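One structure below.
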Amino acid sequence: MLQTTSPAEARIPHPDGVTAEEFRAALARLAAGVVLVTAHDPEEGPHGEDVGMTATAFLSVSLDPPLVMVSVRNDSRMEDLLDRQPLWAVSLLSESQRHIAGRFAMKGRVSDRLLFEDFPWERGEVSGAPLVRGSLAVVECRTEQRVAAGDHTLYIGRVLGAATPSADSSPLMYFRGRYRQLS
């Protein structure tokens with residue numbers, strides 16, 4: 001998802017002449033699917049802790065080998081965890097799962113423990129990460145490569161497992177700063 005900046009930062013042009021505000025406005029017109037990226041942090045607490053993050057910058061990279069990529073904001077909890085934990089998962093959310101996307105998009109939360117309550121999920125057999133039940137598809141990954149990219153890090157993961165538990169639903173989309181339905 002796009003990040004907000006102060007009005008002063010929005011007017012500061014990049015070296016090529018584009019402001020953060022212009023860039024954000026242009027890219028907000030690119031419709032994107034919404035996913036929940038999850039991982040299990042075995043070092044947090046006696047039984048570990050599950051961590052999740054809503055993302056729209058997720059895509060397929062390669063068929064052979066099967067690779068996907070997700071963009072993660074630097075200095076976020078997910079970046080910290082993925083730098084230590086190579087196993088993670090992605091649930092492709094359906095339009096009926098908007099509440100899950102909104103819940104994990106909140107900034108400044110201290111713990112994800114409560115965020116995983118009130119919706120059905122199961123632990124991935126390969127990654128140990130939470131997989132959202134009823135999502136369009138799920139993939140379990142192992143990080144193959146990290147690429148620094150401005151204020152984000154790109155995590156390229158080898159897909160170790162994939163399933164399509166709910167292929168009949170429509171995808172949840174993000175367009176012009178809001179969640180949308182495909183119709």
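Ordered as shown in the structure tokens, chains take letters A, B, and onward, while each chain numbers its residues from 1 and ligands are numbered from 1 in the order shown.
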
Would you list the contacts of Leu160 in chain A as a PDB file with N, CA, C and O atoms, in the first residue's frame, taking every protein, DNA or RNA residue within 8 Å and counting only C-alpha atoms, but skipping same-chain residues closer than 2 positions in sequence?
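Result file is part.pdb:
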```pdb
ATOM      1  N   VAL A 126       4.144 -26.300   5.516  1.00  0.00           N
ATOM      2  CA  VAL A 126       5.522 -26.080   5.092  1.00  0.00           C
ATOM      3  C   VAL A 126       6.161 -24.907   5.818  1.00  0.00           C
ATOM      4  O   VAL A 126       7.281 -25.004   6.307  1.00  0.00           O
ATOM      5  N   VAL A 139       0.013 -19.500  -0.852  1.00  0.00           N
ATOM      6  CA  VAL A 139       1.330 -20.000  -1.230  1.00  0.00           C
ATOM      7  C   VAL A 139       2.228 -19.937  -0.003  1.00  0.00           C
ATOM      8  O   VAL A 139       2.142 -19.000   0.788  1.00  0.00           O
ATOM      9  N   GLU A 140       3.061 -20.947   0.141  1.00  0.00           N
ATOM     10  CA  GLU A 140       4.036 -20.979   1.226  1.00  0.00           C
ATOM     11  C   GLU A 140       5.411 -20.874   0.583  1.00  0.00           C
ATOM     12  O   GLU A 140       5.691 -21.547  -0.408  1.00  0.00           O
ATOM     13  N   CYS A 141       6.250 -20.020   1.164  1.00  0.00           N
ATOM     14  CA  CYS A 141       7.504 -19.644   0.509  1.00  0.00           C
ATOM     15  C   CYS A 141       8.706 -19.720   1.441  1.00  0.00           C
ATOM     16  O   CYS A 141       8.566 -19.686   2.659  1.00  0.00           O
ATOM     17  N   ARG A 142       9.876 -19.766   0.805  1.00  0.00           N
ATOM     18  CA  ARG A 142      11.162 -19.629   1.493  1.00  0.00           C
ATOM     19  C   ARG A 142      11.919 -18.522   0.767  1.00  0.00           C
ATOM     20  O   ARG A 142      12.069 -18.552  -0.453  1.00  0.00           O
ATOM     21  N   ARG A 158      10.841 -18.653  -3.023  1.00  0.00           N
ATOM     22  CA  ARG A 158      10.547 -19.877  -3.774  1.00  0.00           C
ATOM     23  C   ARG A 158       9.258 -20.449  -3.191  1.00  0.00           C
ATOM     24  O   ARG A 158       9.133 -20.626  -1.980  1.00  0.00           O
ATOM     25  N   ALA A 162       1.395 -24.617  -2.690  1.00  0.00           N
ATOM     26  CA  ALA A 162       0.336 -23.737  -3.189  1.00  0.00           C
ATOM     27  C   ALA A 162      -0.982 -24.492  -3.205  1.00  0.00           C
ATOM     28  O   ALA A 162      -1.008 -25.697  -3.440  1.00  0.00           O
TER      29      ALA A 162
END
```

| message | Can you tell me which residues surround Thr56 in chain A at a distance of at most 8 Å, considering only C-alpha atoms, apart from same-chain residues fewer than 6 positions away, and format the answer as a PyMOL selection string? | response | chain A and resi 1+32-35+174

Residues of range 62-157 of chain A at most 7 Å from range 40-53 of chain A: nearest atom pair and distance in Å, only C-alpha atoms, as a Markdown table:
```
| residue | atom | partner | partner_atom | distance |
| --- | --- | --- | --- | --- |
| A:Met78 | CA | A:Met53 | CA | 7.0 |
| A:Leu81 | CA | A:Asp41 | CA | 6.7 |
| A:Phe104 | CA | A:Met53 | CA | 5.2 |
| A:Ala105 | CA | A:Met53 | CA | 6.3 |
| A:Asp112 | CA | A:Val51 | CA | 5.6 |
| A:Arg113 | CA | A:Asp50 | CA | 6.7 |
| A:Gly128 | CA | A:His40 | CA | 6.2 |
| A:Ala129 | CA | A:His40 | CA | 5.0 |
```

| task | Tell me which protein, DNA and RNA residues are within 12 Å of Val68 in chain A, counting only C-alpha atoms, leaving out same-chain ones fewer than 3 positions away, and put them as a PyMOL selection string. | result | chain A and resi 37+57-65+71+88-90+138-146+154-162

| task | Could you give me, as a PyMOL selection string, the residues within 9 Å of Glu122 in chain A, counting only C-alpha atoms and dropping anything in the same chain fewer than 6 positions from it? | result | chain A and resi 129-133

| task | Quick one: pull the distance between CA of Arg176 in chain A and CA of Phe23 in chain A, Å, one decimal. | result | 12.5 Å

| Which of range 11-51 of chain A DSSP labels helix (DSSP H, G or I), written as a VMD selection string | chain A and resid 11 20 to 27

| Non-local contacts of Tyr179 in chain A (10 Å; only C-alpha atoms; under 6 positions in same chain excluded) as a list in words | Ala31, Ala32, Gly33, Val34, Glu95, Arg98, His99, Ala101, Gly102, Leu172 and Met173 of chain A

Given the selection you just returned, output its residues as a file containing N, CA, C and O atoms, formatted as a compact mmCIF listing (two decimals), in the first residue's frame.
```
# COMPACT_ATOMS: atom_id res chain seq x y z
N ALA A 31 -4.77 -0.73 -10.35
CA ALA A 31 -5.53 -1.68 -9.52
C ALA A 31 -4.61 -2.84 -9.14
O ALA A 31 -3.83 -3.32 -9.96
N ALA A 32 -4.72 -3.27 -7.90
CA ALA A 32 -3.87 -4.37 -7.42
C ALA A 32 -4.68 -5.31 -6.56
O ALA A 32 -5.60 -4.89 -5.85
N GLY A 33 -4.34 -6.58 -6.62
CA GLY A 33 -4.93 -7.56 -5.72
C GLY A 33 -4.39 -7.34 -4.31
O GLY A 33 -3.32 -6.77 -4.12
N VAL A 34 -5.15 -7.78 -3.33
CA VAL A 34 -4.78 -7.60 -1.93
C VAL A 34 -4.46 -8.96 -1.32
O VAL A 34 -5.22 -9.91 -1.48
N GLU A 95 -13.04 -10.81 -1.95
CA GLU A 95 -13.74 -9.57 -1.64
C GLU A 95 -14.48 -9.64 -0.30
O GLU A 95 -14.69 -8.62 0.34
N ARG A 98 -12.36 -8.26 3.21
CA ARG A 98 -11.91 -6.86 3.34
C ARG A 98 -11.55 -6.52 4.78
O ARG A 98 -10.59 -5.80 5.03
N HIS A 99 -12.32 -7.03 5.73
CA HIS A 99 -12.05 -6.74 7.15
C HIS A 99 -10.68 -7.26 7.58
O HIS A 99 -10.01 -6.64 8.41
N ALA A 101 -8.02 -7.53 5.56
CA ALA A 101 -7.05 -6.62 4.95
C ALA A 101 -6.92 -5.35 5.77
O ALA A 101 -5.81 -4.89 6.06
N GLY A 102 -8.05 -4.77 6.16
CA GLY A 102 -8.03 -3.53 6.94
C GLY A 102 -7.39 -3.70 8.30
O GLY A 102 -6.63 -2.85 8.77
N LEU A 172 -10.29 -9.41 -3.83
CA LEU A 172 -10.32 -8.08 -3.22
C LEU A 172 -9.29 -7.23 -3.94
O LEU A 172 -8.15 -7.67 -4.14
N MET A 173 -9.69 -6.04 -4.36
CA MET A 173 -8.80 -5.16 -5.11
C MET A 173 -8.54 -3.88 -4.33
O MET A 173 -9.33 -3.49 -3.47
```

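Here the question is which of A:Val72, A:Val147, A:Ala163, A:Ala26 gets nearest to Gly124 in chain A using only C-alpha atoms, and that residue is A:Ala163.
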